[in-house]
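Asks: Handing you a structure now.
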Amino acid sequence: MASFSASLSHFSYISPTNASTSLQHDNKIPDSQCAFLLSRRFHSLRKGITLPRRKESPSTGIHASFTDVSLDVSMEEKQLPKGESWSVHKFGGTCMGSSQRIKNVGDIVLNDDSERKLVVVSAMSKVTDMMYDLIHKAQSRDESYISSLDAVLEKHSSTAHDMLDGDYLATFLSKLHEDINNLKAMLRAIYIAGHATESFADFVVGHGELWSAQMLSLVIRKNGTDCKWMDTREVLIVNPTGSNQVDPDYLESEQRLEKWYSLNPCKVIIATGFIASTPQKIPTTLKRDGSDFSAAIMGALFRARQVTIWTDVDGVYSADPRKVSEAVILKTLSYQEAWEMSYFGANVLHPRTIIPVMRYGIPILIRNIFNLSAPGTKICHPSVSDNEDRTNMQNFVKGFATIDNLALVNVEGTGMAGVPGTASAIFGAVKDVGANVIMISQASSEHSVCFAVPEKEVKAVAEALQSRFRQALDNGRLSQVAVIPNCSILAAVGQKMASTPGVSATLFNALAKANINVRAIAQGCSEYNITVVVKREDCIKALRAVHSRFYLSRTTIAMGVIGPGLIGSTLLDQLRDQASVLKEEFNIDLRVMGILGSKSMLLSDVGIDLARWKELREEKGEVADLEKFVQHVHGNHFIPNTALVDCTADSVIAGYYYDWLRKGIHVVTPNKKANSGPLDQYLRLRALQRQSYTHYFYEATVGAGLPIVSTLRGLLETGDKILQIEGIFSGTLSYIFNNFKDGRAFSDVVAEAKEAGYTEPDPRDDLSGTDVARKVIILARESGLKLELSNIPVESLVPEPLRVCASAQEFMQQLPKFDPEFAKKQEDAENAGEVLRYVGVVDVTNQKGVVELRRYKKDHPFAQLSGADNIIAFTTRRYKNQPLIVRGPGAGAQVTAGGIFSDILRLASYLGAPS
């Protein structure tokens with residue numbers, strides 16, 4: 001048995017058909033004799049004994065076996081025409097997966113109007129795996145390899161019956177059965193030996209491509225087009241350079257191709273992909289993505305006009321569409337861009353596939369066999385126009401790709417700086433353990449070297465480095481060999497992008513706004529990619545964030561709405577009504593992932609249907625849990641941005657803002673409690689906001705939907721100096737005093753306002769002036785004053801005896817008793833030609849504020865109000881003689897919700913949506 005294995009290891013494939021003709025597996029030949037004869041046969045082949053070859057069938061042109069195209073064959077007159085008359089097509093296993101699909105392939109080949117065509121095919125879908133399984137079972141002495149081989153026979157036999165008939169079918173089936181019998185003998189030998197060499201396995205596995213090529217050639221011949229099929233082991237010669245790589249011998253292959261063509265002149269050639277031979281005539285494969293590689297090599301040998309790779313996707317995407325739903329098909333890629341993207345895991349071509357065609361400038365076209373209307377992606381040299389058009393950043397950043405399950409290794413120490421050979425020693429140790437370095441980053445100071453390796457290899461790498469630098473670590477010349485696990489790489493790929501100002505800034509700005517921390521950076525001088533290392537958990541979020549920023553795809557924000565009361569429910573209605581317009585016209589996708597009330601909450605993984613949110617809350621609502629709610633909304637890694645919208649007036653909810661912002665959650669709110677609460681908490685909150693890219697918007701805290709806070713900020717940011725802010729900030733009190741005239745009783749006006757919904761359920765909340773005081777303190781702090789709420793004197797309009805009333809109803813019943821007191825104030829103002837207005841004042845010059853009832857002349861802007869309007873006057877250094885006035889509705893659910901909505905859209909524009 002040992003000698004048999006040895007002869008298998010020296011197997012040189014010249015004509016296995018003849019080698020097995022006398023060894024067909026039957027019960028008449030004992031296993032030991034079968035093995036002995038097969039060993040003798042292979043041994044004689046190894047010595048160069050030439051066996052008779054089976055002749056080509058004149059009716060079909062199908063070679064019954066692999067023939068050695070020796071270089072001493074006399075050259076015939078027919079020369080191989082090279083150049084643009086040839087087009088190359090490659091069809092993978094999916095394209096060849098069934099009889100109907102093979103027919104479709106035949107139609108595509110026949111409809112190609114190129115003068116000459118070379119078609120490279122893979123084995124039928126799953127067949128290669130089936131062939132490897134045969135070898136595995138035979139090696140394991142599992143006799144089920146026989147039934148598995150019968151399944152291979154049945155698959156190809158039934159496929160042939162569906163497509164062929166007559167002599168075409170008979171010829172193929174005859175060859176198929178002959179090959180199956182040969183394989184039975186070979187697998188029996190493997191079964192006996194319990195071992196198969198790599199070359200033996202490659203020979204067995206290659207049959208799938210042989211059968212695919214034969215069937216397709218017959219389908220095309222059946223349609224009246226003359227064609228020949230090529231066993232590429234006769235033509236492609238490769239030199240193994242590693243366990244999973246081979247290098248083509250182009251000179252030898254070119255000579256063999258010319259010989260083959262001189263014997264088989266035709267305009268349509270169906271060639272096997274994936275398989276080749278070594279210079280010693282031993283069958284081998286082209287390893288990973290071998291069929292694509294075969295097509296590229298053949299395209300180079302023929303100097304073809306174009307190589308088309310047919311697959312099941314419409315082309316190369318700008319990002320993995322499983323991770324980024326808005327990824328787009330790229331029309332063109334340069335060879336280098338395709339190379340870079342494939343290295344970083346994108347579903348493009350393997351880098352080595354690009355090398356053969358790149359040499360001759362032959363374009364590769366990626367097309368979808370199931371969608372012929374899609375133009376696909378063209379991989380070629382960049383055109384002059386691409387280089388000249390510098391107006392669109394997409395021309396420079398073509399796509400994004402990621403690699404997961406990595407770890408960073410950081411070797412650092414002051415003893416590394418300026419010491420020759422340190423890097424060589426580091427990577428020599430890495431090489432010794434066979435680890436693959438994905439990315440390297442080194443600071444110019446040479447103080448540290450950082451590199452990424454697959455996580456499964458990092459333990460061995462760390463141990464090797466610890467051992468190699470043990471003395472340096474002990475002596476302190478190296479401070480540490482640190483491992484940072486759970487990392488991913490994000491690569492941005494594009495032609496000349498590194499020399500385009502703003503690309504790197506835009507990339508890192510997008511990551512910062514998505515609250516993504518970058519652990520390491522690498523950018524080569526080739527200018528084709530910028531690589532960053534991020535936490536694995538942040539990878540998808542980072543990918544979506546940068547893709548959105550460069551492609552202006554939908555800026556998606558995962559939103560959680562807290563407090564679905566009057567204002568919250570109105571906001572949800574506005575979001576519902578505007579959602580489609582925002583998506584279609586502004587590329588903004590506001591996705592409400594959760595709605596939290598005081599008692600129940602509604603959660604969704606894809607976004608709540610806002611047309612039915614109340615109904616869904618009744619059906620699927622669960623007990624309110626703020627922590628779970630926040631985790632759900634923020635935990636969706638497929639959406640890079642999260643915003644919580646607090647529509648409550650709850651100080652407890654406001655107390656969470658700092659933690660939310662620190663976690664990268666944006667906050668939008670009309671809740672005044674955070675900004676008018678304790679000064680130290682306010683200052684801490686604003687400091688965090690300024691230090692991060694997390695946004696905190698609160699326009700609706702003052703004046704509902706009026707642009708008061710933004711106007712104040714605009715004045716300050718442009719260098720103006722605020723002297724005083726004075727205004728009517730309460731829509732409720734504005735309504736009351738606008739209607740408190742013509743002898744009306746104060747209590748009647750208050751009752752009317754309550755009935756109209758302008759007041760809080762308890763009107764004392766409005767009449768106390770506390771709400772106005774909170775707005776004053778917010779504006780005072782925005783102006784730079786460090787005031788507490790207790791520093792603001794407030795004139796309460798609630799009569800002191802009524803402040804202790806047990807209920808709002810009791811208060812309203814008792815209020816008429818104080819009408820004379822309010823009537824006297826109104827009468828005094830009227831007699832002086834003035835009106836009463838309840839105002840808040842921020843006196844920046846004297847660093848104080850006040851809330852009180854004041855009198856104004858009837859020609860004053862504050863006297864011109866109607867309804868529930870607010871009015872705010874900014875007196876500044878620029879607007880000293882004539883204050884800047886903002887006026888409009890300052891109360892009501894619609895305008896307040898509109899102010900919140902406006903903040904949400906402002907957030908979207910900051911995060912990358914077109915403004």
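Letters A, B, ... go to the chains of the structure tokens in the order shown; residues in each chain start at 1; ligands are counted from 1 in the same order.
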For Ile297 (chain A), work out the shell of residues within 8 Å, counting only C-alpha atoms and skipping chain neighbours fewer than 3 positions away, then give it as a VMD selection string.
Replies: chain A and resid 248 293 to 294 300 to 301 353 356 to 357
Asks: Quick one: residues within 10 Å of Ala464 (chain A), only C-alpha atoms, excluding same-chain residues fewer than 3 positions away - as a ChimeraX atom specification?
Replies: /A:426,428-433,458-461,467-470
Asks: Go through A:Ala512, A:Ala201, A:Val152, A:Leu473 and flag the residue nearest Asp179 (chain A), using only C-alpha atoms for the distances.
Replies: A:Val152
Asks: Looking only at strand (DSSP E) from DSSP on the backbone, list the matching residues of region 477-601 of chain A as a PyMOL selection string.
Replies: chain A and resi 480-493+518-523+529-535+555-562+588-596+600-601
Asks: Output C-alpha atoms for every residue in that selection, as a CSV table (one decimal), in the first residue's frame.
Replies:
```
chain,number,residue,atom,x,y,z
A,480,GLN,CA,4.6,46.8,25.6
A,481,VAL,CA,3.2,44.4,23.0
A,482,ALA,CA,-0.5,45.3,23.2
A,483,VAL,CA,-3.4,43.5,21.6
A,484,ILE,CA,-6.7,45.3,20.8
A,485,PRO,CA,-9.3,42.7,19.9
A,486,ASN,CA,-12.7,42.9,18.2
A,487,CYS,CA,-11.7,45.3,15.4
A,488,SER,CA,-12.9,45.8,11.9
A,489,ILE,CA,-11.3,47.6,8.9
A,490,LEU,CA,-13.2,50.1,6.8
A,491,ALA,CA,-11.6,51.1,3.5
A,492,ALA,CA,-12.6,54.0,1.3
A,493,VAL,CA,-11.4,53.3,-2.3
A,518,VAL,CA,-11.1,55.5,14.9
A,519,ARG,CA,-8.4,53.2,16.4
A,520,ALA,CA,-5.8,53.4,13.6
A,521,ILE,CA,-5.4,54.9,10.2
A,522,ALA,CA,-3.4,53.9,7.1
A,523,GLN,CA,-3.2,55.8,3.8
A,529,ASN,CA,-7.5,53.9,-0.4
A,530,ILE,CA,-7.8,55.3,3.1
A,531,THR,CA,-8.1,52.6,5.7
A,532,VAL,CA,-9.4,53.0,9.2
A,533,VAL,CA,-9.7,50.6,12.1
A,534,VAL,CA,-12.9,50.8,14.2
A,535,LYS,CA,-14.6,48.7,16.8
A,555,THR,CA,-29.6,60.1,5.7
A,556,THR,CA,-31.4,57.6,8.0
A,557,ILE,CA,-32.0,58.6,11.6
A,558,ALA,CA,-33.3,56.1,14.1
A,559,MET,CA,-35.7,58.1,16.3
A,560,GLY,CA,-37.3,57.5,19.6
A,561,VAL,CA,-40.2,59.7,20.6
A,562,ILE,CA,-40.8,60.2,24.3
A,588,ILE,CA,-33.9,61.9,4.5
A,589,ASP,CA,-35.3,58.8,6.1
A,590,LEU,CA,-36.7,59.6,9.6
A,591,ARG,CA,-37.5,56.2,11.1
A,592,VAL,CA,-39.3,56.1,14.4
A,593,MET,CA,-38.1,52.9,16.1
A,594,GLY,CA,-39.9,53.5,19.4
A,595,ILE,CA,-42.6,55.5,21.1
A,596,LEU,CA,-42.5,55.8,24.9
A,600,SER,CA,-46.4,51.7,27.9
A,601,MET,CA,-44.1,51.8,24.9
```
Asks: Which one is closest to Asp573 (chain A): A:Val397, A:Ala897, A:Met341, A:Leu802? Count only C-alpha atoms.
Replies: A:Ala897
Asks: So the first atom is CA of Phe550 (chain A) and the second is CA of Leu905 (chain A); what is the distance between them in Å, to one decimal place?
Replies: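 Atom-to-atom, CA of Phe550 (chain A) and CA of Leu905 (chain A) are spaced 18.8 Å apart.
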Asks: I want to know what sits within 10 Å of Val750 (chain A), based on only C-alpha atoms, with residues of the same chain fewer than 4 positions away left out; could you give that as a list in words?
Replies: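 Those residues are Thr732, Leu733, Tyr735, Ile736, Phe737, Asn739, Phe740, Ala745, Phe746, Lys754, Glu755, Ala756, Tyr758, Thr759, Pro763, Leu767, Met812 and Leu815 of chain A.
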Asks: Take the residues that were just selected and, keeping all heavy atoms, output them as a short mmCIF file (atom, residue, chain, number, x, y, z; two decimals), in the first residue's frame.
Replies:
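Writing the result to again18.cif gives the following:
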```cif
data_model
loop_
_atom_site.label_atom_id
_atom_site.label_comp_id
_atom_site.auth_asym_id
_atom_site.auth_seq_id
_atom_site.Cartn_x
_atom_site.Cartn_y
_atom_site.Cartn_z
N THR A 732 -50.02 81.74 26.27
CA THR A 732 -51.20 81.76 27.13
C THR A 732 -51.45 83.16 27.69
O THR A 732 -52.56 83.71 27.59
CB THR A 732 -51.02 80.77 28.30
OG1 THR A 732 -50.79 79.46 27.76
CG2 THR A 732 -52.23 80.77 29.19
N LEU A 733 -50.40 83.73 28.25
CA LEU A 733 -50.54 85.05 28.86
C LEU A 733 -50.69 86.14 27.80
O LEU A 733 -51.32 87.17 28.04
CB LEU A 733 -49.35 85.33 29.77
CG LEU A 733 -49.27 84.40 30.99
CD1 LEU A 733 -47.98 84.62 31.76
CD2 LEU A 733 -50.47 84.63 31.91
N TYR A 735 -52.43 85.68 25.05
CA TYR A 735 -53.85 85.59 24.72
C TYR A 735 -54.69 86.28 25.79
O TYR A 735 -55.64 87.02 25.49
CB TYR A 735 -54.26 84.13 24.59
CG TYR A 735 -55.72 83.94 24.26
CD1 TYR A 735 -56.16 83.92 22.95
CD2 TYR A 735 -56.66 83.79 25.28
CE1 TYR A 735 -57.51 83.75 22.64
CE2 TYR A 735 -58.01 83.63 25.00
CZ TYR A 735 -58.42 83.61 23.68
OH TYR A 735 -59.76 83.46 23.38
N ILE A 736 -54.36 86.02 27.06
CA ILE A 736 -55.15 86.58 28.16
C ILE A 736 -55.12 88.10 28.14
O ILE A 736 -56.18 88.77 28.21
CB ILE A 736 -54.65 86.02 29.51
CG1 ILE A 736 -55.03 84.53 29.64
CG2 ILE A 736 -55.22 86.82 30.69
CD1 ILE A 736 -54.43 83.84 30.85
N PHE A 737 -53.93 88.70 28.02
CA PHE A 737 -53.86 90.16 28.11
C PHE A 737 -54.25 90.85 26.80
O PHE A 737 -54.61 92.01 26.79
CB PHE A 737 -52.47 90.59 28.59
CG PHE A 737 -52.29 90.37 30.05
CD1 PHE A 737 -51.60 89.27 30.53
CD2 PHE A 737 -52.86 91.25 30.97
CE1 PHE A 737 -51.46 89.06 31.90
CE2 PHE A 737 -52.73 91.04 32.34
CZ PHE A 737 -52.03 89.94 32.81
N ASN A 739 -56.88 89.95 25.29
CA ASN A 739 -58.33 89.94 25.37
C ASN A 739 -58.88 90.54 26.67
O ASN A 739 -60.09 90.64 26.85
CB ASN A 739 -58.85 88.49 25.22
CG ASN A 739 -58.66 87.94 23.83
OD1 ASN A 739 -59.47 88.19 22.94
ND2 ASN A 739 -57.56 87.21 23.62
N PHE A 740 -57.97 90.92 27.56
CA PHE A 740 -58.39 91.53 28.82
C PHE A 740 -58.57 93.05 28.58
O PHE A 740 -57.70 93.86 28.86
CB PHE A 740 -57.34 91.26 29.89
CG PHE A 740 -57.70 91.80 31.25
CD1 PHE A 740 -59.02 91.79 31.72
CD2 PHE A 740 -56.72 92.34 32.08
CE1 PHE A 740 -59.34 92.29 32.97
CE2 PHE A 740 -57.03 92.85 33.33
CZ PHE A 740 -58.35 92.82 33.78
N ALA A 745 -64.08 90.73 32.54
CA ALA A 745 -63.53 90.27 33.81
C ALA A 745 -62.31 89.38 33.55
O ALA A 745 -62.30 88.57 32.61
CB ALA A 745 -64.58 89.50 34.59
N PHE A 746 -61.30 89.53 34.39
CA PHE A 746 -60.07 88.76 34.23
C PHE A 746 -60.35 87.26 34.32
O PHE A 746 -59.81 86.46 33.52
CB PHE A 746 -59.06 89.18 35.30
CG PHE A 746 -57.73 88.49 35.17
CD1 PHE A 746 -56.81 88.89 34.19
CD2 PHE A 746 -57.37 87.45 36.03
CE1 PHE A 746 -55.58 88.26 34.08
CE2 PHE A 746 -56.14 86.83 35.92
CZ PHE A 746 -55.24 87.23 34.93
N LYS A 754 -58.65 78.79 28.95
CA LYS A 754 -58.60 77.38 29.35
C LYS A 754 -59.49 76.53 28.46
O LYS A 754 -59.11 75.43 28.03
CB LYS A 754 -59.04 77.26 30.81
CG LYS A 754 -58.89 75.85 31.39
CD LYS A 754 -59.24 75.83 32.87
CE LYS A 754 -58.96 74.46 33.49
NZ LYS A 754 -59.77 73.38 32.89
N GLU A 755 -60.67 77.05 28.15
CA GLU A 755 -61.61 76.33 27.30
C GLU A 755 -61.04 76.14 25.89
O GLU A 755 -61.26 75.10 25.25
CB GLU A 755 -62.93 77.11 27.24
CG GLU A 755 -64.02 76.42 26.44
CD GLU A 755 -64.53 75.16 27.12
OE1 GLU A 755 -64.41 75.05 28.36
OE2 GLU A 755 -65.05 74.27 26.41
N ALA A 756 -60.29 77.12 25.41
CA ALA A 756 -59.70 77.06 24.07
C ALA A 756 -58.45 76.19 24.01
O ALA A 756 -57.90 75.94 22.93
CB ALA A 756 -59.36 78.47 23.58
N TYR A 758 -55.51 76.89 25.53
CA TYR A 758 -54.27 77.67 25.57
C TYR A 758 -53.52 77.50 26.89
O TYR A 758 -52.32 77.73 26.95
CB TYR A 758 -54.56 79.15 25.32
CG TYR A 758 -54.91 79.48 23.89
CD1 TYR A 758 -56.14 80.06 23.58
CD2 TYR A 758 -54.03 79.21 22.87
CE1 TYR A 758 -56.47 80.36 22.27
CE2 TYR A 758 -54.36 79.51 21.56
CZ TYR A 758 -55.58 80.07 21.26
OH TYR A 758 -55.91 80.36 19.96
N THR A 759 -54.23 77.13 27.94
CA THR A 759 -53.58 77.02 29.24
C THR A 759 -53.25 75.56 29.56
O THR A 759 -53.74 74.63 28.90
CB THR A 759 -54.47 77.56 30.37
OG1 THR A 759 -55.56 76.64 30.58
CG2 THR A 759 -55.01 78.93 30.03
N PRO A 763 -54.51 76.36 35.23
CA PRO A 763 -54.03 77.66 34.73
C PRO A 763 -52.99 78.32 35.63
O PRO A 763 -52.27 79.21 35.18
CB PRO A 763 -55.32 78.49 34.69
CG PRO A 763 -56.42 77.49 34.53
CD PRO A 763 -55.97 76.31 35.33
N LEU A 767 -50.12 81.19 35.02
CA LEU A 767 -50.21 82.49 35.70
C LEU A 767 -49.09 82.71 36.72
O LEU A 767 -48.81 83.85 37.08
CB LEU A 767 -51.58 82.61 36.39
CG LEU A 767 -52.80 82.61 35.46
CD1 LEU A 767 -54.09 82.57 36.28
CD2 LEU A 767 -52.80 83.84 34.56
N MET A 812 -60.40 78.07 39.87
CA MET A 812 -61.23 78.80 38.92
C MET A 812 -62.50 79.33 39.59
O MET A 812 -63.01 80.40 39.22
CB MET A 812 -61.59 77.90 37.73
CG MET A 812 -60.41 77.55 36.84
SD MET A 812 -59.59 79.02 36.14
CE MET A 812 -60.91 79.71 35.15
N LEU A 815 -61.28 82.46 41.63
CA LEU A 815 -60.59 83.56 40.92
C LEU A 815 -61.45 84.81 40.74
O LEU A 815 -60.92 85.94 40.86
CB LEU A 815 -60.09 83.05 39.55
CG LEU A 815 -59.26 84.05 38.73
CD1 LEU A 815 -58.02 84.50 39.52
CD2 LEU A 815 -58.86 83.44 37.39
#
```
Asks: Could you pull out the residues in region 225-372 of chain A that DSSP calls alpha helix (DSSP H) from the backbone, as a VMD selection string?
Replies: chain A and resid 250 to 263 290 to 302 335 to 343 351 to 360
Asks: May I have the residues within 12 Å of Lys880 (chain A) as a PyMOL selection string, using only C-alpha atoms and disregarding those fewer than 2 positions away in the same chain?
Replies: chain A and resi 720-725+873-878+882-885
Asks: Hey, what's within 8 Å of Arg233 (chain A) if we count only C-alpha atoms and toss same-chain stuff fewer than 6 positions away? As JSON, numbers by chain, please?
Replies: {"A": [66, 275, 276, 277, 283]}
Asks: Write out, as an mmCIF file, in the first residue's frame, the residues just selected, with N, CA, C and O atoms.
Replies:
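Resulting contents of again34.cif:
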```cif
data_model
loop_
_atom_site.group_PDB
_atom_site.id
_atom_site.type_symbol
_atom_site.label_atom_id
_atom_site.label_comp_id
_atom_site.auth_asym_id
_atom_site.auth_seq_id
_atom_site.Cartn_x
_atom_site.Cartn_y
_atom_site.Cartn_z
ATOM 1 N N PHE A 66 -8.152 14.034 -22.391
ATOM 2 C CA PHE A 66 -7.149 15.097 -22.414
ATOM 3 C C PHE A 66 -5.978 14.638 -23.271
ATOM 4 O O PHE A 66 -5.419 13.577 -23.062
ATOM 5 N N ILE A 275 -9.287 24.900 -14.349
ATOM 6 C CA ILE A 275 -8.279 23.844 -14.410
ATOM 7 C C ILE A 275 -7.142 24.224 -15.352
ATOM 8 O O ILE A 275 -7.305 25.004 -16.286
ATOM 9 N N ALA A 276 -5.971 23.651 -15.091
ATOM 10 C CA ALA A 276 -4.776 23.911 -15.881
ATOM 11 C C ALA A 276 -3.810 22.754 -15.645
ATOM 12 O O ALA A 276 -4.159 21.740 -15.024
ATOM 13 N N SER A 277 -2.582 22.900 -16.143
ATOM 14 C CA SER A 277 -1.552 21.884 -15.936
ATOM 15 C C SER A 277 -0.258 22.548 -15.499
ATOM 16 O O SER A 277 -0.022 23.724 -15.773
ATOM 17 N N PRO A 283 -2.102 17.630 -13.728
ATOM 18 C CA PRO A 283 -3.301 18.471 -13.641
ATOM 19 C C PRO A 283 -3.329 19.254 -12.337
ATOM 20 O O PRO A 283 -2.931 18.756 -11.287
#
```
Asks: From the set A:Leu836, A:Leu478, A:Leu715, A:Val268, which residue has the shortest atom-to-atom contact distance to Ser734 (chain A), counting only C-alpha atoms?
Replies: A:Leu836
